[in-house]
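**Q** For reference, this is work-v1.txt, and it has compact mmCIF, C-alpha atoms.
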```txt
# COMPACT_ATOMS: atom_id res chain seq x y z
CA MET A 17 -30.75 -7.49 -57.07
CA ALA A 18 -28.86 -10.16 -55.17
CA ILE A 19 -25.26 -9.70 -54.13
CA GLU A 20 -23.53 -12.40 -52.11
CA VAL A 21 -21.26 -11.20 -49.33
CA ARG A 22 -18.70 -13.61 -47.84
CA VAL A 23 -18.09 -12.76 -44.20
CA PRO A 24 -14.87 -13.63 -42.32
CA THR A 25 -15.00 -15.59 -39.06
CA ILE A 26 -14.27 -12.56 -36.92
CA LEU A 27 -17.35 -10.70 -38.24
CA ARG A 28 -19.80 -13.60 -38.14
CA THR A 29 -21.06 -12.44 -34.75
CA TYR A 30 -22.93 -9.84 -36.81
CA THR A 31 -24.49 -12.38 -39.18
CA GLY A 32 -25.69 -14.98 -36.69
CA GLY A 33 -22.74 -17.19 -37.57
CA GLU A 34 -23.46 -17.19 -41.31
CA LYS A 35 -20.48 -17.38 -43.65
CA ALA A 36 -22.33 -15.69 -46.48
CA VAL A 37 -25.27 -13.31 -46.58
CA GLN A 38 -27.28 -11.72 -49.37
CA THR A 39 -27.59 -8.03 -49.87
CA SER A 40 -28.42 -5.55 -52.63
CA GLY A 41 -27.21 -2.28 -54.10
CA GLY A 42 -25.83 -0.75 -57.25
CA THR A 43 -22.50 0.19 -55.67
CA LEU A 44 -20.39 -1.17 -52.85
CA ALA A 45 -21.46 1.79 -50.70
CA GLU A 46 -25.13 0.95 -51.22
CA ALA A 47 -24.52 -2.73 -50.56
CA ILE A 48 -22.79 -1.97 -47.27
CA ASP A 49 -25.68 0.30 -46.25
CA ALA A 50 -28.12 -2.50 -47.02
CA LEU A 51 -25.93 -4.92 -45.08
CA GLU A 52 -25.96 -2.60 -42.08
CA ALA A 53 -29.77 -2.52 -42.13
CA ASP A 54 -29.85 -6.30 -41.59
CA HIS A 55 -26.69 -6.66 -39.49
CA THR A 56 -26.33 -3.66 -37.24
CA GLY A 57 -22.76 -2.76 -36.39
CA LEU A 58 -21.14 -4.42 -39.37
CA ARG A 59 -20.57 -1.18 -41.28
CA ASP A 60 -18.52 0.27 -38.48
CA ARG A 61 -16.21 -2.74 -38.56
CA LEU A 62 -15.69 -2.32 -42.30
CA LEU A 63 -15.52 1.42 -42.76
CA ASP A 64 -13.76 4.33 -41.21
CA ASP A 65 -14.89 7.75 -42.31
CA GLY A 66 -16.79 6.25 -45.23
CA GLN A 67 -13.80 4.34 -46.63
CA VAL A 68 -12.76 0.71 -46.27
CA ARG A 69 -10.63 0.38 -43.15
CA LYS A 70 -6.93 0.13 -43.79
CA PHE A 71 -6.60 -3.44 -42.59
CA ILE A 72 -9.77 -4.80 -44.11
CA ASN A 73 -9.72 -6.06 -47.69
CA VAL A 74 -12.89 -5.98 -49.77
CA TYR A 75 -13.01 -7.75 -53.11
CA VAL A 76 -15.71 -7.50 -55.76
CA ASN A 77 -15.55 -10.47 -58.10
CA ASP A 78 -11.98 -11.18 -56.94
CA GLU A 79 -10.78 -7.61 -57.49
CA ASP A 80 -9.53 -5.63 -54.48
CA VAL A 81 -11.76 -2.52 -54.48
CA ARG A 82 -8.75 -0.36 -53.64
CA PHE A 83 -7.84 -0.82 -57.28
CA SER A 84 -11.33 -0.80 -58.78
CA GLY A 85 -13.23 2.26 -57.63
CA GLY A 86 -13.37 1.91 -53.86
CA MET A 87 -16.80 2.47 -52.35
CA GLN A 88 -18.17 3.49 -55.75
CA THR A 89 -17.30 0.13 -57.30
CA PRO A 90 -20.41 -0.83 -59.31
CA LEU A 91 -22.26 -4.02 -58.44
CA SER A 92 -24.73 -6.02 -60.44
CA ASP A 93 -26.93 -9.02 -59.86
CA GLY A 94 -24.95 -12.14 -59.03
CA ASP A 95 -21.76 -10.33 -58.00
CA THR A 96 -19.80 -11.63 -55.04
CA VAL A 97 -18.25 -9.42 -52.39
CA VAL A 98 -15.55 -11.00 -50.22
CA ILE A 99 -14.44 -9.39 -46.97
CA LEU A 100 -11.10 -10.47 -45.49
CA PRO A 101 -9.11 -8.91 -42.69
CA ALA A 102 -5.49 -8.35 -43.67
CA VAL A 103 -3.03 -10.86 -42.27
CA ALA A 104 -0.20 -8.68 -41.07
CA GLY A 105 1.91 -7.77 -38.08
CA GLY A 106 5.31 -6.69 -36.99
CA MET B 28 -2.50 -26.36 -26.57
CA LEU B 29 -1.11 -26.56 -30.08
CA THR B 30 -0.50 -30.03 -31.49
CA ILE B 31 1.90 -29.96 -34.43
CA ASP B 32 3.87 -32.62 -36.26
CA GLU B 33 7.64 -32.42 -36.56
CA ALA B 34 7.62 -31.96 -40.34
CA THR B 35 5.34 -28.93 -40.13
CA ARG B 36 7.30 -27.38 -37.30
CA ASP B 37 10.55 -27.90 -39.21
CA ALA B 38 9.01 -26.37 -42.34
CA ILE B 39 8.05 -23.22 -40.41
CA VAL B 40 11.55 -22.90 -38.95
CA ALA B 41 13.18 -23.51 -42.35
CA HIS B 42 11.03 -20.80 -43.91
CA ALA B 43 11.97 -18.35 -41.15
CA ARG B 44 15.67 -19.07 -41.72
CA ARG B 45 15.39 -18.80 -45.47
CA ASP B 46 13.80 -15.34 -45.32
CA HIS B 47 16.02 -14.00 -42.52
CA PRO B 48 16.67 -11.04 -41.99
CA ASP B 49 13.20 -10.29 -43.37
CA GLU B 50 10.18 -11.65 -41.54
CA ALA B 51 8.71 -14.84 -42.96
CA CYS B 52 4.98 -15.54 -42.76
CA GLY B 53 2.41 -18.14 -43.67
CA VAL B 54 -0.43 -20.35 -42.66
CA VAL B 55 -0.88 -24.01 -41.82
CA ALA B 56 -4.38 -24.96 -42.84
CA GLY B 57 -6.33 -27.87 -41.44
CA ALA B 58 -9.76 -29.41 -41.72
CA GLU B 59 -12.44 -27.20 -40.17
CA GLY B 60 -12.93 -28.02 -36.51
CA SER B 61 -10.02 -30.51 -36.40
CA ASP B 62 -7.52 -28.13 -34.78
CA LEU B 63 -4.81 -30.07 -36.65
CA PRO B 64 -2.40 -28.10 -38.83
CA THR B 65 -1.82 -30.29 -41.89
CA ARG B 66 -1.29 -28.19 -45.02
CA PHE B 67 1.74 -25.94 -44.86
CA VAL B 68 1.28 -22.78 -46.93
CA PRO B 69 4.28 -20.42 -46.89
CA MET B 70 3.24 -16.94 -47.98
CA LEU B 71 5.19 -14.10 -49.51
CA ASN B 72 5.83 -11.23 -47.12
CA ALA B 73 4.60 -8.42 -49.37
CA ALA B 74 6.23 -5.90 -47.02
CA MET B 75 9.66 -7.60 -47.47
CA SER B 76 10.73 -6.09 -44.19
CA PRO B 77 12.70 -7.14 -41.10
CA THR B 78 10.08 -5.50 -38.88
CA PHE B 79 6.74 -6.03 -40.63
CA TYR B 80 4.87 -8.70 -42.52
CA GLU B 81 1.78 -8.62 -44.66
CA PHE B 82 0.17 -11.11 -47.01
CA ASP B 83 -0.29 -9.70 -50.50
CA SER B 84 -3.95 -8.82 -51.06
CA SER B 85 -4.50 -11.14 -54.02
CA ASP B 86 -2.51 -13.98 -52.39
CA LEU B 87 -4.74 -13.57 -49.33
CA LEU B 88 -7.89 -13.94 -51.41
CA GLN B 89 -6.53 -17.01 -53.19
CA LEU B 90 -5.52 -18.58 -49.88
CA TYR B 91 -8.99 -18.18 -48.39
CA LYS B 92 -10.67 -19.44 -51.56
CA ASP B 93 -8.45 -22.54 -51.52
CA MET B 94 -9.21 -23.18 -47.85
CA ASP B 95 -12.93 -22.67 -48.47
CA ALA B 96 -12.93 -25.15 -51.35
CA ARG B 97 -11.22 -27.73 -49.12
CA ASP B 98 -13.34 -27.07 -46.01
CA GLU B 99 -10.26 -25.90 -44.21
CA GLU B 100 -9.47 -23.08 -41.85
CA PRO B 101 -6.21 -21.40 -40.83
CA VAL B 102 -5.19 -23.53 -37.85
CA ILE B 103 -1.85 -21.74 -37.55
CA VAL B 104 -0.88 -18.24 -38.63
CA TYR B 105 2.90 -18.02 -38.29
CA HIS B 106 5.56 -15.39 -38.71
CA SER B 107 9.10 -14.76 -37.64
CA HIS B 108 10.83 -12.11 -35.61
CA THR B 109 14.37 -11.70 -36.78
CA ALA B 110 15.81 -9.43 -34.09
CA THR B 111 13.48 -9.83 -31.13
CA GLU B 112 11.94 -12.61 -29.05
CA ALA B 113 9.17 -14.88 -30.30
CA TYR B 114 6.41 -12.97 -28.57
CA PRO B 115 3.58 -11.03 -30.26
CA SER B 116 4.40 -7.36 -30.74
CA ARG B 117 1.85 -4.62 -30.24
CA THR B 118 1.38 -4.56 -34.00
CA ASP B 119 0.82 -8.33 -34.07
CA ILE B 120 -1.87 -7.98 -31.44
CA SER B 121 -3.68 -5.13 -33.15
CA TYR B 122 -3.87 -7.02 -36.45
CA ALA B 123 -4.77 -10.43 -35.05
CA ASN B 124 -8.12 -11.24 -36.63
CA GLU B 125 -8.35 -15.01 -36.42
CA PRO B 126 -9.58 -15.76 -32.89
CA GLY B 127 -9.64 -19.50 -33.66
CA ALA B 128 -6.04 -19.66 -34.89
CA HIS B 129 -2.82 -20.52 -33.10
CA TYR B 130 -0.41 -17.66 -33.64
CA VAL B 131 3.02 -19.24 -33.93
CA LEU B 132 6.10 -17.05 -33.67
CA VAL B 133 9.65 -18.09 -34.48
CA SER B 134 12.66 -16.03 -33.57
CA THR B 135 15.78 -16.30 -35.68
CA ARG B 136 17.65 -13.63 -33.74
CA GLU B 137 20.25 -16.06 -32.38
CA THR B 138 21.47 -17.81 -35.48
CA GLY B 139 19.90 -15.98 -38.41
CA PRO B 140 19.75 -18.19 -41.51
CA ALA B 141 22.03 -20.86 -39.99
CA ASP B 142 21.08 -24.04 -38.15
CA GLY B 143 21.16 -23.87 -34.40
CA PRO B 144 18.94 -22.90 -31.53
CA TYR B 145 15.72 -21.10 -32.28
CA GLU B 146 12.71 -20.02 -30.32
CA LEU B 147 9.23 -21.18 -31.37
CA ARG B 148 6.19 -20.30 -29.29
CA SER B 149 2.44 -20.41 -29.76
CA PHE B 150 -0.25 -17.98 -28.65
CA ARG B 151 -3.94 -17.32 -28.80
CA ILE B 152 -4.80 -13.71 -29.52
CA VAL B 153 -8.45 -12.88 -28.86
CA ASP B 154 -9.82 -9.34 -28.48
CA GLY B 155 -6.32 -8.02 -27.89
CA GLU B 156 -5.57 -10.58 -25.15
CA VAL B 157 -2.46 -12.72 -25.62
CA THR B 158 -2.36 -16.15 -24.01
CA GLU B 159 0.66 -18.38 -24.48
CA GLU B 160 -0.05 -22.06 -24.87
CA GLU B 161 1.93 -25.28 -24.73
CA ILE B 162 3.13 -26.94 -27.91
CA ASP B 163 2.88 -30.71 -28.26
CA VAL B 164 5.20 -31.83 -31.05
CA VAL B 165 4.25 -35.24 -32.38
CA GLU B 166 5.94 -37.48 -34.93
CA ALA B 167 2.68 -37.84 -36.83
CA TYR B 168 -0.98 -37.15 -36.22
CA THR B 169 -2.81 -40.24 -35.03
CA GLN B 170 -6.28 -39.04 -35.95
```
Kindly present the structure from the file in structure tokens form.
**A**
Amino acid sequence: MAIEVRVPTILRTYTGGEKAVQTSGGTLAEAIDALEADHTGLRDRLLDDGQVRKFINVYVNDEDVRFSGGMQTPLSDGDTVVILPAVAGG
Amino acid sequence: MLTIDEATRDAIVAHARRDHPDEACGVVAGAEGSDLPTRFVPMLNAAMSPTFYEFDSSDLLQLYKDMDARDEEPVIVYHSHTATEAYPSRTDISYANEPGAHYVLVSTRETGPADGPYELRSFRIVDGEVTEEEIDVVEAYTQ
């Protein structure tokens, strides 16, 4: 099952410079585990205590997963996951 | 060094004045690898706050999709400080996630929404390190 993951510039050190990588999994949690297997260290940059870090946004098919089931958001073949760091400050 | 044309600089300052006393924020996109800020994209400050700014989550996604479709990148990420100097705060530094971008700060603390003197400075923020850089304001880009 192929899931495309779009990786932001700041995390491309984990993907050999690639903007997009393929992964698999039936939920976002599984997909991130699979991603970690190929790109060690990436999970830690995305998750804190098993949840998406506060200032990282993860979208599944354009929907922010904070509003669509979090780590249990279901994925199916052909879905796209977009990772974007929040743009924020004080 | 940041190279910026007058029109873009003026647009950033005008946005900062318009949103004063809240912080204004946005991006100036440019062709990937060009380092030239050409497409001014003012963003809504979803925090609507005088001390914090944040792009709305769905606006952020749309912005990056638009840039992707145009082979652009965020050349400038700008925001205003409305009561303090135009220097990155600790919060700004901790959230800075675009190592290739010029972080432009405008301070409207002197004149608020009115015309008059303002402070506009540009920084690189990489791995928590802030480096100020010169700004070269040009009438138009030659390239």
**Q** Which of these, A:Leu27, A:Ala104, A:Leu51, A:Ala45, has the shortest distance to chain B once you count all atoms listed in the file?
**A**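 Nearest candidate to chain B out of A:Leu27, A:Ala104, A:Leu51, A:Ala45: A:Ala104.
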**Q** With a cut-off of 10 Å, could you pull out the residues of chain A touching chain B and give me the nearest pair of atoms for each, distance in Å to one decimal, using all atoms listed in the file, ordered by chain and ascending number, as CSV?
**A**
```
residue,atom,partner,partner_atom,distance
A:Pro24,CA,B:Glu125,CA,8.9
A:Thr25,CA,B:Glu125,CA,7.2
A:Ile26,CA,B:Asn124,CA,6.3
A:Leu27,CA,B:Asn124,CA,9.4
A:Phe71,CA,B:Tyr122,CA,7.6
A:Ile72,CA,B:Ser84,CA,9.9
A:Asn73,CA,B:Ser84,CA,7.2
A:Val74,CA,B:Ser84,CA,9.5
A:Tyr75,CA,B:Leu88,CA,8.2
A:Asp78,CA,B:Leu88,CA,7.4
A:Glu79,CA,B:Ser85,CA,8.0
A:Asp80,CA,B:Ser84,CA,7.3
A:Val98,CA,B:Leu88,CA,8.3
A:Ile99,CA,B:Leu88,CA,9.1
A:Leu100,CA,B:Leu88,CA,7.6
A:Pro101,CA,B:Asn124,CA,6.6
A:Ala102,CA,B:Phe82,CA,7.1
A:Val103,CA,B:Phe82,CA,5.7
A:Ala104,CA,B:Glu81,CA,4.1
A:Gly105,CA,B:Asp119,CA,4.2
A:Gly106,CA,B:Phe79,CA,4.0
```
**Q** What is the atom CA of Tyr168 of chain B to atom CA of Ile152 of chain B distance in Å?
**A** 24.7 Å
**Q** Using Å and a single decimal, report how far atom CA of His47 of chain B sits from atom CA of Gly143 of chain B.
**A**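 Separating atom CA of Gly143 of chain B from atom CA of His47 of chain B is a distance of 13.8 Å.
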**Q** I'd like the interatomic distance between atom CA of Asp54 of chain A and atom CA of Thr29 of chain A, to a tenth of an Å.
**A**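 Interatomic distance here is 12.7 Å.
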**Q** Need to verify the contact set: Thr31 of chain A, 7 Å, only C-alpha atoms, exclusion of same-chain residues closer than 3 positions in sequence. Can you return it as a PyMOL selection string?
**A** chain A and resi 28+34+55
**Q** With distances taken over all atoms listed in the file, which residue among B:Glu161, B:Asp95, B:Glu112, B:Glu146 lies nearest Gly57 of chain B?
**A**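 Comparing B:Glu161, B:Asp95, B:Glu112, B:Glu146 against Gly57 of chain B, the winner is B:Asp95.
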**Q** Can you tell me which residues surround Leu29 of chain B at a distance of at most 7 Å, considering all atoms listed in the file, apart from same-chain residues fewer than 6 positions away, and format the answer as a ChimeraX atom specification?
**A** /B:129,160-163
**Q** Find the axis-aligned box for segment 157-168 of chain B, covering all its listed atoms and adding 3 Å on each side, and write its centre and edge lengths in Å to one decimal as AutoDock Vina command-line options.
**A**
```
--center_x 1.7 --center_y -25.3 --center_z -30.4 --size_x 14.4 --size_y 31.1 --size_z 18.8
```
**Q** Can you work out which one of B:Ala110, B:Ala128, B:Ala141, B:Ala51 has the shortest atom-to-atom distance to Met70 of chain B, counting only C-alpha atoms?
**A**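 Closest residue, counting only C-alpha atoms: B:Ala51.
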